[in-house]
>>> print(open('model10.cif').read())   # mmCIF, C-alpha atoms
data_data
#
loop_
_atom_site.label_atom_id
_atom_site.label_comp_id
_atom_site.auth_asym_id
_atom_site.auth_seq_id
_atom_site.Cartn_x
_atom_site.Cartn_y
_atom_site.Cartn_z
CA MET A 501 44.25 111.17 -88.27
CA SER A 502 48.00 110.87 -88.79
CA ARG A 503 48.70 107.64 -86.90
CA TYR A 504 46.68 104.46 -87.21
CA GLN A 505 47.04 100.69 -87.28
CA VAL A 506 47.66 98.73 -90.49
CA PRO A 507 48.28 95.00 -91.10
CA LYS A 508 51.87 94.01 -90.41
CA SER A 509 51.76 91.08 -92.84
CA LEU A 510 49.43 88.65 -94.56
CA GLN A 511 47.17 86.53 -92.34
CA ARG A 512 45.06 83.51 -93.30
CA VAL A 513 42.33 81.70 -91.34
CA GLU A 514 40.18 78.72 -92.36
CA THR A 515 36.64 78.06 -91.15
CA CYS A 516 34.10 75.40 -92.10
CA VAL A 517 30.30 75.67 -92.20
CA SER A 518 28.08 72.77 -93.34
CA ASN A 519 30.93 71.22 -95.35
CA SER A 520 31.74 74.49 -97.12
CA ARG A 521 35.33 75.57 -96.56
CA PHE A 522 36.10 79.28 -96.13
CA VAL A 523 39.72 80.38 -96.57
CA THR A 524 40.00 84.01 -95.50
CA THR A 525 43.10 86.03 -96.29
CA ALA A 526 43.80 89.56 -95.04
CA GLY A 527 46.75 91.84 -95.61
CA PRO A 528 47.95 95.40 -96.20
CA ALA A 529 47.02 97.51 -99.24
CA PHE A 530 47.87 101.20 -99.36
CA THR A 531 46.09 102.02 -102.63
CA VAL A 532 43.03 100.68 -104.46
CA LYS A 533 45.38 99.26 -107.13
CA GLU A 534 47.28 97.33 -104.47
CA ALA A 535 44.00 95.96 -103.12
CA GLN A 536 42.97 94.85 -106.62
CA SER A 537 46.35 93.17 -107.14
CA PHE A 538 45.95 91.37 -103.80
CA ILE A 539 42.52 90.08 -104.85
CA ARG A 540 43.83 88.91 -108.23
CA ALA A 541 46.68 87.08 -106.52
CA ILE A 542 44.26 85.16 -104.29
CA ARG A 543 42.12 84.25 -107.31
CA SER A 544 45.21 82.95 -109.11
CA GLU A 545 46.34 81.02 -106.04
CA MET A 546 42.96 79.23 -105.64
CA PRO A 547 41.38 79.19 -109.12
CA ASP A 548 39.18 76.17 -108.42
CA ALA A 549 37.20 77.86 -105.60
CA SER A 550 33.50 78.65 -105.92
CA HIS A 551 33.73 82.32 -104.85
CA HIS A 552 36.28 84.96 -103.91
CA VAL A 553 34.37 87.48 -101.82
CA TYR A 554 36.29 90.61 -100.89
CA ALA A 555 36.20 93.93 -99.09
CA PHE A 556 38.86 96.60 -98.70
CA LYS A 557 39.34 99.81 -96.77
CA ILE A 558 42.13 102.11 -97.95
CA GLY A 559 43.07 104.99 -95.66
CA TYR A 560 41.63 105.78 -92.26
CA GLY A 561 39.30 108.26 -90.57
CA ALA A 562 37.70 110.83 -92.87
CA SER A 563 39.79 109.87 -95.90
CA VAL A 564 38.83 106.33 -96.88
CA SER A 565 38.26 104.43 -100.14
CA GLU A 566 36.19 101.25 -99.85
CA GLY A 567 35.16 98.42 -102.12
CA MET A 568 33.49 95.02 -101.91
CA SER A 569 32.04 92.20 -103.99
CA ASP A 570 29.70 89.25 -103.41
CA ASP A 571 31.43 87.50 -106.34
CA GLY A 572 28.41 85.46 -107.38
CA GLU A 573 26.94 84.83 -103.94
CA PRO A 574 23.37 86.13 -103.45
CA SER A 575 23.43 89.93 -103.31
CA GLY A 576 24.26 91.35 -99.91
CA THR A 577 25.11 88.03 -98.25
CA SER A 578 28.90 88.15 -98.31
CA GLY A 579 30.57 91.40 -99.39
CA PRO A 580 28.55 93.68 -97.05
CA PRO A 581 29.08 91.59 -93.87
CA THR A 582 32.80 91.37 -94.69
CA LEU A 583 33.01 95.15 -95.14
CA ALA A 584 30.95 95.71 -91.98
CA HIS A 585 33.50 93.82 -89.88
CA LEU A 586 36.35 95.67 -91.59
CA ARG A 587 34.69 99.02 -90.83
CA GLY A 588 34.23 97.95 -87.24
CA ALA A 589 37.91 97.14 -86.81
CA ASP A 590 40.14 100.04 -85.75
CA ILE A 591 42.52 99.66 -88.71
CA GLY A 592 43.11 101.06 -92.19
CA ASP A 593 44.81 100.06 -95.46
CA THR A 594 43.41 96.53 -95.29
CA VAL A 595 41.98 94.05 -97.80
CA ILE A 596 40.12 90.83 -96.98
CA VAL A 597 39.36 88.00 -99.42
CA THR A 598 37.22 85.06 -98.33
CA THR A 599 37.58 82.14 -100.71
CA ARG A 600 34.76 79.60 -100.53
CA TYR A 601 34.90 75.98 -101.56
CA PHE A 602 31.26 74.85 -101.80
CA GLY A 603 30.58 71.72 -99.77
CA GLY A 604 27.28 70.68 -101.34
CA THR A 605 24.92 72.14 -98.74
CA LYS A 606 23.21 75.47 -99.41
CA LEU A 607 23.47 77.78 -96.41
CA GLY A 608 20.60 80.14 -97.23
CA THR A 609 20.74 83.92 -97.01
CA GLY A 610 21.07 84.10 -93.24
CA GLY A 611 23.61 81.29 -93.17
CA LEU A 612 25.80 83.01 -95.75
CA VAL A 613 25.73 86.35 -93.90
CA SER A 614 26.70 84.54 -90.70
CA ALA A 615 29.43 82.43 -92.33
CA TYR A 616 31.13 85.31 -94.18
CA GLY A 617 30.81 87.61 -91.18
CA ALA A 618 32.39 84.99 -88.92
CA ALA A 619 35.20 84.41 -91.42
CA ALA A 620 36.03 88.13 -91.58
CA LYS A 621 35.88 88.44 -87.80
CA ALA A 622 38.22 85.48 -87.36
CA VAL A 623 40.91 86.79 -89.70
CA LEU A 624 40.74 90.30 -88.22
CA GLU A 625 41.17 88.91 -84.71
CA ALA A 626 44.25 86.98 -85.86
CA LEU A 627 45.73 89.90 -87.80
CA GLU A 628 48.94 91.45 -86.46
CA THR A 629 49.11 95.22 -86.91
CA GLU A 630 51.64 98.02 -86.66
CA GLU A 631 51.38 101.79 -86.52
CA LYS A 632 51.48 103.84 -89.69
CA THR A 633 52.26 107.55 -89.71
CA THR A 634 50.79 109.69 -92.46
CA ARG A 635 53.50 111.82 -94.05
CA HIS A 636 53.45 114.60 -96.62
CA ARG A 637 56.04 116.06 -98.96
CA TYR A 638 56.96 119.76 -98.95
CA GLU A 639 59.21 122.12 -100.90
CA LEU A 640 60.93 125.21 -99.54
CA THR A 641 63.36 127.76 -101.00
CA ILE A 642 65.56 129.54 -98.47
CA PRO A 643 68.33 132.16 -98.54
CA TYR A 644 71.83 130.94 -97.71
CA PRO A 645 72.10 132.81 -94.37
CA LEU A 646 69.12 130.83 -92.99
CA ARG A 647 70.30 127.38 -94.09
CA LYS A 648 71.68 126.18 -90.75
CA SER A 649 68.73 127.49 -88.76
CA VAL A 650 66.16 125.94 -91.10
CA ARG A 651 67.99 122.61 -91.17
CA ARG A 652 67.95 122.54 -87.35
CA LEU A 653 64.19 123.07 -87.42
CA LEU A 654 63.72 120.29 -90.00
CA ASP A 655 65.87 117.88 -87.97
CA GLY A 656 63.85 118.71 -84.85
CA HIS A 657 60.55 117.86 -86.56
CA GLU A 658 61.43 114.35 -87.82
CA CYS A 659 61.91 115.52 -91.42
CA MET A 660 63.53 113.38 -94.06
CA ILE A 661 65.41 115.49 -96.63
CA GLU A 662 64.87 114.12 -100.14
CA GLU A 663 66.63 116.81 -102.13
CA GLU A 664 68.80 119.86 -101.47
CA ARG A 665 69.94 122.03 -104.41
CA PHE A 666 72.29 124.98 -104.15
CA GLU A 667 71.30 127.59 -106.73
CA ALA A 668 70.61 131.34 -106.38
CA GLU A 669 68.93 130.18 -103.18
CA ILE A 670 68.74 126.77 -101.55
CA PHE A 671 65.94 124.47 -102.69
CA LEU A 672 64.77 121.82 -100.24
CA ARG A 673 62.32 118.96 -100.66
CA TYR A 674 61.45 117.04 -97.51
CA VAL A 675 58.88 114.67 -95.99
CA LEU A 676 57.49 114.97 -92.47
CA PRO A 677 54.70 113.53 -90.30
CA GLU A 678 51.35 115.23 -90.88
CA GLU A 679 50.91 116.04 -87.21
CA LEU A 680 54.14 118.09 -87.11
CA ALA A 681 53.52 120.13 -90.27
CA GLY A 682 51.69 122.98 -88.53
CA ALA A 683 54.30 123.47 -85.83
CA LEU A 684 57.16 123.37 -88.34
CA GLY A 685 55.43 125.85 -90.64
CA GLU A 686 54.97 128.27 -87.73
CA ALA A 687 58.60 127.88 -86.64
CA ILE A 688 59.87 128.57 -90.16
CA GLY A 689 57.56 131.57 -90.39
CA ASP A 690 58.84 132.95 -87.08
CA LEU A 691 62.46 132.41 -88.11
CA SER A 692 62.00 134.26 -91.41
CA ALA A 693 59.57 136.96 -90.22
CA GLY A 694 56.88 135.35 -92.36
CA SER A 695 58.84 135.40 -95.63
CA LEU A 696 59.27 131.60 -95.89
CA VAL A 697 56.23 129.36 -96.34
CA PRO A 698 56.65 125.60 -97.00
CA ARG A 699 54.65 124.39 -100.01
CA ARG A 700 52.94 121.03 -99.69
CA ILE A 701 53.17 119.05 -102.92
CA GLU A 702 51.48 115.81 -101.83
#
>>> encode(input="model10.cif", output="structure tokens")
Amino acid sequence: MSRYQVPKSLQRVETCVSNSRFVTTAGPAFTVKEAQSFIRAIRSEMPDASHHVYAFKIGYGASVSEGMSDDGEPSGTSGPPTLAHLRGADIGDTVIVTTRYFGGTKLGTGGLVSAYGAAAKAVLEALETEEKTTRHRYELTIPYPLRKSVRRLLDGHECMIEEERFEAEIFLRYVLPEELAGALGEAIGDLSAGSLVPRRIE
């Protein structure tokens, strides 16, 4: 999947259940490290809270990294329902932290599952998203006579040239949308009678 929805910016929603206050914050995170930094920032912002339950989903489709924590709540009552709602949303690269201020009334196992699930659902419904395109980086070395023809192909496939070096041959490093990589590779192969093959480096 090369195009999918990601959070446009940070979103925060507050809910209240039996005097307990739930402050749920969601936002973008494109790596596990970014998700961990997001969680630490929320902890630092609200250090006096009882719990900071979280779940994150990095990537989309078949390539996803997930994580969650009950953060001291009874096992399975908070992290899993938060992650379940995140999995059910058609988005990627997202982290959710639900910060609970205990109100003096115990909610019980079922009450906690319901409260954290509702909090995650509420913030996801409020979340503004935008489309992200997965891109990859490639390198290609070409002979001078083919430079103009190859550059036309790159320009026609939404490529961004990062580096062009003029040596014995021309070295190119470029980034392009994942969904266009196959067509561009074929076009370059046709142009060069199969002698030029782009090398994906990430």
>>> residues_around(input="model10.cif", residues="Leu654 in chain A", least_positions_apart="4", cutoff="12 Å", atoms="all atoms listed in the file", output="number ranges by chain")
A: 638-640, 647-650, 658-662, 672-677, 680-681, 683-685, 687-688, 698
>>> atom_distance(input="model10.cif", atom1="CA of Ala668 in chain A", atom2="CA of Ser692 in chain A")
17.5 Å
>>> closest_residue(input="model10.cif", among="A:Ser520, A:Gln536, A:Ser695, A:Thr525", to="Ile558 in chain A", atoms="only C-alpha atoms")
A:Gln536
>>> axis_aligned_box(input="model10.cif", around="range 661-674 of chain A", padding_each_side="3 Å", output="JSON")
{"center_x": 66.9, "center_y": 122.7, "center_z": -101.7, "size_x": 16.8, "size_y": 23.2, "size_z": 16.1}
>>> atom_distance(input="model10.cif", atom1="CA of Gly592 in chain A", atom2="CA of Ala541 in chain A")
20.3 Å
>>> residues_near_point(input="model10.cif", point="(36.0, 91.0, -96.7)", cutoff="8 Å", atoms="all atoms listed in the file", output="number ranges by chain")
A: 553-556, 568, 578-583, 585-586, 595-598, 616, 620
>>> atom_distance(input="model10.cif", atom1="CA of Ser537 in chain A", atom2="CA of Leu627 in chain A")
19.6 Å
>>> residues_near_point(input="model10.cif", point="(51.3, 114.6, -98.0)", cutoff="7 Å", atoms="all atoms listed in the file", output="VMD selection string")
chain A and resid 635 to 637 700 to 702
>>> residues_around(input="model10.cif", residues="Ser509 in chain A", least_positions_apart="3", cutoff="12 Å", atoms="only C-alpha atoms", output="PyMOL selection string")
chain A and resi 506+512+525-529+593-595+624+626-630
>>> resolve_selection(input="model10.cif", expression="the PyMOL selection byres ((chain A and resi 519) around 8)", output="JSON, numbers by chain")
{"A": [516, 517, 518, 520, 521, 602, 603, 604, 605]}
>>> resolve_selection(input="model10.cif", expression="the PyMOL selection byres ((chain A and resi 670) around 7)", output="MDAnalysis selection string")
chainID A and resid 641:644 664:669 671:672
>>> closest_residue(input="model10.cif", among="A:Thr531, A:Thr599, A:Gln511, A:Thr577", to="Leu612 in chain A", atoms="all atoms listed in the file")
A:Thr577
>>> closest_residue(input="model10.cif", among="A:Arg543, A:Lys508, A:Arg503, A:Lys606", to="Gly561 in chain A", atoms="all atoms listed in the file")
A:Arg503
>>> closest_residue(input="model10.cif", among="A:Glu631, A:Glu566, A:Asp690, A:Glu573", to="Pro507 in chain A", atoms="all atoms listed in the file")
A:Glu631
>>> closest_residue(input="model10.cif", among="A:Gly567, A:Arg600, A:Val697, A:Leu691", to="Arg652 in chain A", atoms="all atoms listed in the file")
A:Leu691
>>> closest_residue(input="model10.cif", among="A:Asp655, A:Asp590, A:Glu625, A:Glu679", to="Gly559 in chain A", atoms="all atoms listed in the file")
A:Asp590
>>> build_atoms(input="model10.cif", residues="range 584-600 of chain A", atoms="N, CA and C atoms", output="mmCIF file, in the coordinates of the input")
data_model
loop_
_atom_site.group_PDB
_atom_site.id
_atom_site.type_symbol
_atom_site.label_atom_id
_atom_site.label_comp_id
_atom_site.auth_asym_id
_atom_site.auth_seq_id
_atom_site.Cartn_x
_atom_site.Cartn_y
_atom_site.Cartn_z
ATOM 1 N N ALA A 584 31.440 95.231 -93.285
ATOM 2 C CA ALA A 584 30.950 95.710 -91.980
ATOM 3 C C ALA A 584 31.946 95.385 -90.872
ATOM 4 N N HIS A 585 32.504 94.187 -90.899
ATOM 5 C CA HIS A 585 33.500 93.820 -89.880
ATOM 6 C C HIS A 585 34.791 94.614 -90.071
ATOM 7 N N LEU A 586 35.147 94.884 -91.325
ATOM 8 C CA LEU A 586 36.350 95.670 -91.590
ATOM 9 C C LEU A 586 36.166 97.109 -91.098
ATOM 10 N N ARG A 587 34.973 97.667 -91.326
ATOM 11 C CA ARG A 587 34.690 99.020 -90.830
ATOM 12 C C ARG A 587 34.719 99.067 -89.309
ATOM 13 N N GLY A 588 34.291 97.985 -88.690
ATOM 14 C CA GLY A 588 34.230 97.950 -87.240
ATOM 15 C C GLY A 588 35.586 97.772 -86.575
ATOM 16 N N ALA A 589 36.559 97.323 -87.354
ATOM 17 C CA ALA A 589 37.910 97.140 -86.810
ATOM 18 C C ALA A 589 38.645 98.488 -86.843
ATOM 19 N N ASP A 590 39.435 98.759 -85.847
ATOM 20 C CA ASP A 590 40.140 100.040 -85.750
ATOM 21 C C ASP A 590 41.451 99.989 -86.527
ATOM 22 N N ILE A 591 41.339 99.759 -87.847
ATOM 23 C CA ILE A 591 42.520 99.660 -88.710
ATOM 24 C C ILE A 591 42.219 100.327 -90.054
ATOM 25 N N GLY A 592 43.258 100.535 -90.838
ATOM 26 C CA GLY A 592 43.110 101.060 -92.190
ATOM 27 C C GLY A 592 44.009 100.294 -93.139
ATOM 28 N N ASP A 593 43.941 100.652 -94.432
ATOM 29 C CA ASP A 593 44.810 100.060 -95.460
ATOM 30 C C ASP A 593 44.791 98.541 -95.422
ATOM 31 N N THR A 594 43.573 97.975 -95.455
ATOM 32 C CA THR A 594 43.410 96.530 -95.290
ATOM 33 C C THR A 594 42.487 95.959 -96.361
ATOM 34 N N VAL A 595 42.830 94.776 -96.857
ATOM 35 C CA VAL A 595 41.980 94.050 -97.800
ATOM 36 C C VAL A 595 41.739 92.643 -97.261
ATOM 37 N N ILE A 596 40.503 92.175 -97.413
ATOM 38 C CA ILE A 596 40.120 90.830 -96.980
ATOM 39 C C ILE A 596 39.512 90.093 -98.165
ATOM 40 N N VAL A 597 39.957 88.868 -98.396
ATOM 41 C CA VAL A 597 39.360 88.000 -99.420
ATOM 42 C C VAL A 597 38.969 86.693 -98.755
ATOM 43 N N THR A 598 37.676 86.355 -98.832
ATOM 44 C CA THR A 598 37.220 85.060 -98.330
ATOM 45 C C THR A 598 36.914 84.156 -99.506
ATOM 46 N N THR A 599 37.695 83.106 -99.612
ATOM 47 C CA THR A 599 37.580 82.140 -100.710
ATOM 48 C C THR A 599 36.744 80.962 -100.229
ATOM 49 N N ARG A 600 35.652 80.686 -100.957
ATOM 50 C CA ARG A 600 34.760 79.600 -100.530
ATOM 51 C C ARG A 600 34.846 78.409 -101.469
#
